[in-house]
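data37.pdb, holding PDB, C-alpha atoms:
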ATOM      1  CA  SER A 179     102.752 142.945 101.717  1.00  0.00           C
ATOM      2  CA  THR A 180     103.328 139.329 102.674  1.00  0.00           C
ATOM      3  CA  ARG A 181     106.598 138.526 104.441  1.00  0.00           C
ATOM      4  CA  ASN A 182     108.396 135.311 103.541  1.00  0.00           C
ATOM      5  CA  ASP A 183     109.134 134.563 107.194  1.00  0.00           C
ATOM      6  CA  ASP A 184     105.376 134.186 107.717  1.00  0.00           C
ATOM      7  CA  TYR A 185     105.768 130.954 105.731  1.00  0.00           C
ATOM      8  CA  HIS A 186     108.751 129.452 107.512  1.00  0.00           C
ATOM      9  CA  PHE A 187     108.042 126.085 109.127  1.00  0.00           C
ATOM     10  CA  HIS A 188     110.400 125.187 111.963  1.00  0.00           C
ATOM     11  CA  GLY A 189     111.568 121.596 111.723  1.00  0.00           C
ATOM     12  CA  ALA A 190     110.220 121.048 108.206  1.00  0.00           C
ATOM     13  CA  ARG A 191     113.236 118.889 107.377  1.00  0.00           C
ATOM     14  CA  ALA A 192     112.051 116.398 110.009  1.00  0.00           C
ATOM     15  CA  ILE A 193     109.307 115.276 107.585  1.00  0.00           C
ATOM     16  CA  GLU A 194     111.920 113.152 105.805  1.00  0.00           C
ATOM     17  CA  ARG A 195     112.317 111.007 108.941  1.00  0.00           C
ATOM     18  CA  ALA A 196     108.794 111.318 110.348  1.00  0.00           C
ATOM     19  CA  GLU A 197     106.607 108.267 110.835  1.00  0.00           C
ATOM     20  CA  LEU A 198     103.525 110.527 110.788  1.00  0.00           C
ATOM     21  CA  VAL A 199     102.980 114.188 109.915  1.00  0.00           C
ATOM     22  CA  LEU A 200     100.422 116.098 112.000  1.00  0.00           C
ATOM     23  CA  ILE A 201      99.117 119.240 110.311  1.00  0.00           C
ATOM     24  CA  SER A 202      97.244 122.103 111.939  1.00  0.00           C
ATOM     25  CA  ALA A 203      98.497 125.052 109.865  1.00  0.00           C
ATOM     26  CA  ARG A 204      96.150 127.596 108.295  1.00  0.00           C
ATOM     27  CA  ARG A 205      96.545 129.196 104.846  1.00  0.00           C
ATOM     28  CA  ARG A 206     100.311 128.957 104.480  1.00  0.00           C
ATOM     29  CA  ALA A 207     102.647 128.532 101.535  1.00  0.00           C
ATOM     30  CA  MET A 208     105.551 126.130 101.897  1.00  0.00           C
ATOM     31  CA  PRO A 209     109.121 126.307 100.723  1.00  0.00           C
ATOM     32  CA  LEU A 210     109.358 124.158  97.583  1.00  0.00           C
ATOM     33  CA  ALA A 211     111.640 121.625  99.274  1.00  0.00           C
ATOM     34  CA  MET A 212     109.136 121.109 102.093  1.00  0.00           C
ATOM     35  CA  ALA A 213     106.252 120.702  99.649  1.00  0.00           C
ATOM     36  CA  ARG A 214     108.170 118.047  97.719  1.00  0.00           C
ATOM     37  CA  THR A 215     109.021 116.194 100.938  1.00  0.00           C
ATOM     38  CA  LEU A 216     105.423 116.312 102.167  1.00  0.00           C
ATOM     39  CA  ARG A 217     104.096 115.057  98.830  1.00  0.00           C
ATOM     40  CA  LYS A 218     106.634 112.223  98.860  1.00  0.00           C
ATOM     41  CA  HIS A 219     105.629 111.348 102.433  1.00  0.00           C
ATOM     42  CA  VAL A 220     102.047 110.817 101.246  1.00  0.00           C
ATOM     43  CA  GLU A 221     102.955 109.145  97.943  1.00  0.00           C
ATOM     44  CA  VAL A 222     105.036 106.436  99.612  1.00  0.00           C
ATOM     45  CA  GLY A 223     102.166 105.652 101.988  1.00  0.00           C
ATOM     46  CA  LYS A 224     103.280 107.304 105.212  1.00  0.00           C
ATOM     47  CA  PRO A 225     100.456 108.530 107.485  1.00  0.00           C
ATOM     48  CA  VAL A 226      99.022 111.986 108.061  1.00  0.00           C
ATOM     49  CA  ALA A 227      96.786 113.412 110.790  1.00  0.00           C
ATOM     50  CA  GLY A 228      94.996 116.712 110.324  1.00  0.00           C
ATOM     51  CA  LEU A 229      93.350 119.018 112.830  1.00  0.00           C
ATOM     52  CA  ARG A 230      90.759 121.679 112.098  1.00  0.00           C
ATOM     53  CA  THR A 231      92.485 124.221 109.805  1.00  0.00           C
ATOM     54  CA  ALA A 232      94.491 121.477 108.085  1.00  0.00           C
ATOM     55  CA  SER A 233      91.607 121.432 105.597  1.00  0.00           C
ATOM     56  CA  HIS A 234      92.887 124.765 104.282  1.00  0.00           C
ATOM     57  CA  ALA A 235      96.465 124.547 105.541  1.00  0.00           C
ATOM     58  CA  PHE A 236      98.065 125.310 102.193  1.00  0.00           C
ATOM     59  CA  ALA A 237      95.205 127.150 100.435  1.00  0.00           C
ATOM     60  CA  LEU A 238      96.287 130.771 100.296  1.00  0.00           C
ATOM     61  CA  ARG A 239      93.811 133.597 100.031  1.00  0.00           C
ATOM     62  CA  GLY A 240      94.717 137.202  99.359  1.00  0.00           C
ATOM     63  CA  ALA A 241      98.462 136.609  99.512  1.00  0.00           C
ATOM     64  CA  ASP A 242     100.945 137.719  96.895  1.00  0.00           C
ATOM     65  CA  LEU A 243     101.242 134.297  95.285  1.00  0.00           C
ATOM     66  CA  ASN A 244     103.324 135.439  92.336  1.00  0.00           C
ATOM     67  CA  ARG A 245     105.981 136.948  94.609  1.00  0.00           C
ATOM     68  CA  LEU A 246     105.952 133.927  96.921  1.00  0.00           C
ATOM     69  CA  ARG A 247     106.332 131.568  93.964  1.00  0.00           C
ATOM     70  CA  ALA A 248     109.190 133.647  92.597  1.00  0.00           C
ATOM     71  CA  ASP A 249     110.856 133.270  95.993  1.00  0.00           C
ATOM     72  CA  GLY A 250     110.483 129.469  95.923  1.00  0.00           C
ATOM     73  CA  PHE A 251     107.249 129.034  97.881  1.00  0.00           C
ATOM     74  CA  VAL A 252     104.277 126.943  96.756  1.00  0.00           C
ATOM     75  CA  ASP A 253     100.725 126.373  97.900  1.00  0.00           C
ATOM     76  CA  TRP A 254      98.692 123.144  97.734  1.00  0.00           C
ATOM     77  CA  PRO A 255      95.020 124.123  97.639  1.00  0.00           C
ATOM     78  CA  GLN A 256      93.988 120.554  96.747  1.00  0.00           C
ATOM     79  CA  PHE A 257      95.551 119.110  99.924  1.00  0.00           C
ATOM     80  CA  ASP A 258      92.105 118.796 101.521  1.00  0.00           C
ATOM     81  CA  SER A 259      90.622 116.774  98.673  1.00  0.00           C
ATOM     82  CA  GLU A 260      93.765 114.892  97.600  1.00  0.00           C
ATOM     83  CA  VAL A 261      95.042 113.892 101.045  1.00  0.00           C
ATOM     84  CA  LEU A 262      92.433 114.470 103.741  1.00  0.00           C
ATOM     85  CA  GLY A 263      89.518 113.404 101.552  1.00  0.00           C
ATOM     86  CA  GLY A 264      87.386 116.407 102.481  1.00  0.00           C
ATOM     87  CA  ASN A 265      85.715 119.281 100.707  1.00  0.00           C
ATOM     88  CA  TYR A 266      86.121 122.361 102.920  1.00  0.00           C
ATOM     89  CA  SER A 267      84.022 125.314 101.767  1.00  0.00           C
ATOM     90  CA  GLY A 268      83.952 127.571 104.814  1.00  0.00           C
ATOM     91  CA  HIS A 269      82.214 127.418 108.175  1.00  0.00           C
ATOM     92  CA  TYR A 270      79.022 128.445 109.890  1.00  0.00           C
ATOM     93  CA  PRO A 271      79.111 131.576 112.061  1.00  0.00           C
ATOM     94  CA  ALA A 272      80.372 131.211 115.607  1.00  0.00           C
ATOM     95  CA  GLY A 273      77.791 131.146 118.362  1.00  0.00           C
ATOM     96  CA  SER A 274      75.962 127.833 118.079  1.00  0.00           C
ATOM     97  CA  SER A 275      77.671 124.956 119.826  1.00  0.00           C
ATOM     98  CA  THR A 276      78.176 121.826 117.744  1.00  0.00           C
ATOM     99  CA  THR A 277      76.675 118.533 118.867  1.00  0.00           C
ATOM    100  CA  VAL A 278      79.021 115.614 118.129  1.00  0.00           C
ATOM    101  CA  ARG A 279      77.390 112.380 116.928  1.00  0.00           C
ATOM    102  CA  VAL A 280      78.633 109.000 115.734  1.00  0.00           C
ATOM    103  CA  ALA A 281      78.026 108.496 112.002  1.00  0.00           C
ATOM    104  CA  ASN A 282      75.825 105.603 110.885  1.00  0.00           C
ATOM    105  CA  GLY A 283      77.769 102.348 110.831  1.00  0.00           C
ATOM    106  CA  ALA A 284      80.896 103.821 112.449  1.00  0.00           C
ATOM    107  CA  ALA A 285      80.418 102.893 116.112  1.00  0.00           C
ATOM    108  CA  ASP A 286      82.765  99.891 115.887  1.00  0.00           C
ATOM    109  CA  HIS A 287      85.642 101.754 114.201  1.00  0.00           C
ATOM    110  CA  PRO A 288      88.860 101.643 116.281  1.00  0.00           C
ATOM    111  CA  VAL A 289      89.210 105.439 116.162  1.00  0.00           C
ATOM    112  CA  LEU A 290      86.027 105.705 118.257  1.00  0.00           C
ATOM    113  CA  LYS A 291      87.006 103.087 120.842  1.00  0.00           C
ATOM    114  CA  GLY A 292      86.626 104.170 124.464  1.00  0.00           C
ATOM    115  CA  ILE A 293      85.127 107.583 123.676  1.00  0.00           C
ATOM    116  CA  ALA A 294      82.176 108.939 125.683  1.00  0.00           C
ATOM    117  CA  PHE A 295      79.720 110.620 123.320  1.00  0.00           C
ATOM    118  CA  ALA A 296      76.938 111.578 125.738  1.00  0.00           C
ATOM    119  CA  ASN A 297      76.478 115.351 125.766  1.00  0.00           C
ATOM    120  CA  TRP A 298      79.616 115.996 123.686  1.00  0.00           C
ATOM    121  CA  ARG A 299      79.441 119.536 122.374  1.00  0.00           C
ATOM    122  CA  SER A 300      82.054 121.855 120.899  1.00  0.00           C
ATOM    123  CA  VAL A 301      82.043 125.650 120.921  1.00  0.00           C
ATOM    124  CA  ALA A 302      83.989 125.653 117.651  1.00  0.00           C
ATOM    125  CA  SER A 303      82.210 126.966 114.565  1.00  0.00           C
ATOM    126  CA  LEU A 304      81.066 124.016 112.441  1.00  0.00           C
ATOM    127  CA  TYR A 305      83.046 123.479 109.250  1.00  0.00           C
ATOM    128  CA  LYS A 306      81.314 122.769 105.943  1.00  0.00           C
ATOM    129  CA  SER A 307      83.344 119.728 104.876  1.00  0.00           C
ATOM    130  CA  GLY A 308      81.114 117.565 102.702  1.00  0.00           C
ATOM    131  CA  PRO A 309      80.740 115.706 100.571  1.00  0.00           C
ATOM    132  CA  LEU A 310      83.711 113.495 101.399  1.00  0.00           C
ATOM    133  CA  LYS A 311      85.731 111.654  98.758  1.00  0.00           C
ATOM    134  CA  PRO A 312      84.743 108.021  98.068  1.00  0.00           C
ATOM    135  CA  THR A 313      87.986 106.842  99.708  1.00  0.00           C
ATOM    136  CA  ALA A 314      87.003 108.410 103.051  1.00  0.00           C
ATOM    137  CA  ARG A 315      85.037 106.732 105.837  1.00  0.00           C
ATOM    138  CA  LEU A 316      82.898 109.088 107.911  1.00  0.00           C
ATOM    139  CA  LEU A 317      83.177 108.572 111.681  1.00  0.00           C
ATOM    140  CA  LEU A 318      81.581 111.612 113.336  1.00  0.00           C
ATOM    141  CA  THR A 319      79.132 114.286 112.290  1.00  0.00           C
ATOM    142  CA  GLY A 320      78.535 117.715 113.770  1.00  0.00           C
ATOM    143  CA  GLU A 321      75.160 119.378 114.060  1.00  0.00           C
ATOM    144  CA  ILE A 322      74.007 122.905 114.844  1.00  0.00           C
ATOM    145  CA  PRO A 323      70.385 124.117 114.993  1.00  0.00           C
ATOM    146  CA  GLY A 324      68.731 124.689 111.638  1.00  0.00           C
ATOM    147  CA  GLN A 325      71.511 123.192 109.485  1.00  0.00           C
ATOM    148  CA  LYS A 326      72.203 119.786 107.991  1.00  0.00           C
ATOM    149  CA  PRO A 327      74.834 117.630 109.711  1.00  0.00           C
ATOM    150  CA  GLU A 328      78.395 118.048 108.477  1.00  0.00           C
ATOM    151  CA  PRO A 329      81.310 115.586 108.488  1.00  0.00           C
ATOM    152  CA  LEU A 330      83.314 116.162 111.672  1.00  0.00           C
ATOM    153  CA  ALA A 331      85.879 113.336 111.702  1.00  0.00           C
ATOM    154  CA  TRP A 332      86.871 110.680 109.201  1.00  0.00           C
ATOM    155  CA  VAL A 333      89.652 108.452 107.962  1.00  0.00           C
ATOM    156  CA  ASN A 334      90.952 108.256 104.417  1.00  0.00           C
ATOM    157  CA  THR A 335      93.564 106.582 102.260  1.00  0.00           C
ATOM    158  CA  ALA A 336      95.553 108.834  99.946  1.00  0.00           C
ATOM    159  CA  GLY A 337      98.045 108.625  97.126  1.00  0.00           C
ATOM    160  CA  PRO A 338      99.531 105.649  95.289  1.00  0.00           C
ATOM    161  CA  GLY A 339     100.924 104.242  98.558  1.00  0.00           C
ATOM    162  CA  ASN A 340      97.501 104.339 100.267  1.00  0.00           C
ATOM    163  CA  ALA A 341      98.682 106.572 103.089  1.00  0.00           C
ATOM    164  CA  ARG A 342      96.424 106.285 106.129  1.00  0.00           C
ATOM    165  CA  VAL A 343      94.915 109.651 107.010  1.00  0.00           C
ATOM    166  CA  PHE A 344      92.907 110.786 110.039  1.00  0.00           C
ATOM    167  CA  TYR A 345      91.211 114.191 110.080  1.00  0.00           C
ATOM    168  CA  THR A 346      88.859 116.062 112.372  1.00  0.00           C
ATOM    169  CA  SER A 347      87.534 119.592 112.033  1.00  0.00           C
ATOM    170  CA  LEU A 348      87.521 119.754 115.820  1.00  0.00           C
ATOM    171  CA  GLY A 349      90.617 121.323 117.337  1.00  0.00           C
ATOM    172  CA  HIS A 350      89.423 124.624 118.789  1.00  0.00           C
ATOM    173  CA  PRO A 351      91.470 125.421 121.925  1.00  0.00           C
ATOM    174  CA  ASP A 352      88.465 124.551 124.109  1.00  0.00           C
ATOM    175  CA  ASP A 353      88.228 121.113 122.471  1.00  0.00           C
ATOM    176  CA  PHE A 354      91.553 120.163 124.060  1.00  0.00           C
ATOM    177  CA  ARG A 355      89.936 120.451 127.494  1.00  0.00           C
ATOM    178  CA  ASN A 356      87.532 117.660 126.538  1.00  0.00           C
ATOM    179  CA  GLN A 357      88.708 114.136 127.348  1.00  0.00           C
ATOM    180  CA  SER A 358      86.630 112.691 124.498  1.00  0.00           C
ATOM    181  CA  PHE A 359      88.416 114.914 121.991  1.00  0.00           C
ATOM    182  CA  ARG A 360      91.822 114.031 123.375  1.00  0.00           C
ATOM    183  CA  ARG A 361      90.972 110.317 123.119  1.00  0.00           C
ATOM    184  CA  LEU A 362      89.709 110.819 119.551  1.00  0.00           C
ATOM    185  CA  LEU A 363      92.982 112.479 118.590  1.00  0.00           C
ATOM    186  CA  ALA A 364      95.103 109.770 120.224  1.00  0.00           C
ATOM    187  CA  ASN A 365      93.021 107.014 118.615  1.00  0.00           C
ATOM    188  CA  GLY A 366      93.151 108.697 115.205  1.00  0.00           C
ATOM    189  CA  ILE A 367      96.922 108.999 115.307  1.00  0.00           C
ATOM    190  CA  SER A 368      97.256 105.385 116.493  1.00  0.00           C
ATOM    191  CA  TRP A 369      94.998 104.200 113.670  1.00  0.00           C
ATOM    192  CA  ALA A 370      96.970 106.159 111.071  1.00  0.00           C
ATOM    193  CA  LEU A 371     100.234 104.657 112.335  1.00  0.00           C
ATOM    194  CA  ALA A 372      98.885 101.114 112.378  1.00  0.00           C
ATOM    195  CA  ARG A 373      99.423  98.654 109.537  1.00  0.00           C
ATOM    196  CA  ALA A 374      96.354  96.541 110.316  1.00  0.00           C
ATOM    197  CA  GLU A 375      93.150  96.298 108.278  1.00  0.00           C
ATOM    198  CA  ARG A 376      91.035  99.414 107.985  1.00  0.00           C
TER     199      ARG A 376
END

Could you express the structure from this file as structure tokens?
Amino acid sequence: STRNDDYHFHGARAIERAELVLISARRRAMPLAMARTLRKHVEVGKPVAGLRTASHAFALRGADLNRLRADGFVDWPQFDSEVLGGNYSGHYPAGSSTTVRVANGAADHPVLKGIAFANWRSVASLYKSGPLKPTARLLLTGEIPGQKPEPLAWVNTAGPGNARVFYTSLGHPDDFRNQSFRRLLANGISWALARAER
């Protein structure tokens, strides 16, 4: 059976004061109060950054949802489409490294500034994330042999307050050893926090 403490988020109350919320959780329910605070964060236009499993952060699978809901927990399976602007539907098997490429027309986007793309590969399994929502702007694609390219990083605006959102399906532990990934993450967070033109 599912234990409620598996769904406890340390520091969840900090969302009320946060300038930006960074999400990297995977298939978790949230206490109702946290879910309301996170939704409000987005609705008022405050930024979000998502890493890898954020695309299915609050999409439970195989858990005892009825019991969790009775205990005051909620899921948010539409978080990917409503906030991140993606369409996660699983991933390709591990084994083939992913080649990272700049999407057509995205080279001048501030999130990609100062990043070296030559020979950038990731050992992470490639996520199936497309098609993106019309509000999203594709920045990077990922390619593995024999498959069509998939969205790998993008920016989006979400909710009535047009919250600025950065997401990448990169974020495997090995990705953090790559300077290009670390720069992408820093740039994406900086972009989301900025108030300038998209």

Hey, what comes out of the PyMOL selection byres ((chain A and resi 212) around 10) on this file? Could you write it as a compact mmCIF listing (two decimals) with C-alpha atoms, keeping the file's coordinate frame?
# COMPACT_ATOMS: atom_id res chain seq x y z
CA HIS A 186 108.75 129.45 107.51
CA PHE A 187 108.04 126.08 109.13
CA GLY A 189 111.57 121.60 111.72
CA ALA A 190 110.22 121.05 108.21
CA ARG A 191 113.24 118.89 107.38
CA ALA A 192 112.05 116.40 110.01
CA ILE A 193 109.31 115.28 107.58
CA GLU A 194 111.92 113.15 105.80
CA ALA A 207 102.65 128.53 101.54
CA MET A 208 105.55 126.13 101.90
CA PRO A 209 109.12 126.31 100.72
CA LEU A 210 109.36 124.16 97.58
CA ALA A 211 111.64 121.62 99.27
CA ALA A 213 106.25 120.70 99.65
CA ARG A 214 108.17 118.05 97.72
CA THR A 215 109.02 116.19 100.94
CA LEU A 216 105.42 116.31 102.17
CA ARG A 217 104.10 115.06 98.83
CA LYS A 218 106.63 112.22 98.86
CA PHE A 251 107.25 129.03 97.88
CA VAL A 252 104.28 126.94 96.76

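Distance check against Trp369 (chain A) using only C-alpha atoms: of A:Val343, A:Ala248, A:Leu238, A:Ala331, the minimum falls on A:Val343.
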
Starting from the shown file, work through the PyMOL selection byres ((chain A and resi 236) around 12) and note down what comes out as an NGL selection string. :A and (185 or 201-209 or 212-213 or 216 or 231-235 or 237-239 or 241 or 243 or 251-259 or 261)

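Put simply, the PyMOL selection byres ((chain A and resi 290) around 10) on this file hits Val280, Ala284, Ala285, Asp286, His287, Pro288, Val289, Lys291, Gly292, Ile293, Ala294, Phe295, Leu317, Leu318, Ser358, Arg361, Leu362, Leu363, Asn365 and Gly366 of chain A.
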
Please identify all polymer residues lying at most 10 Å from the point (77.9, 133.0, 119.4) (file coordinates), using all atoms listed in the file, and present the result as number ranges by chain. A: 271-275, 301-303
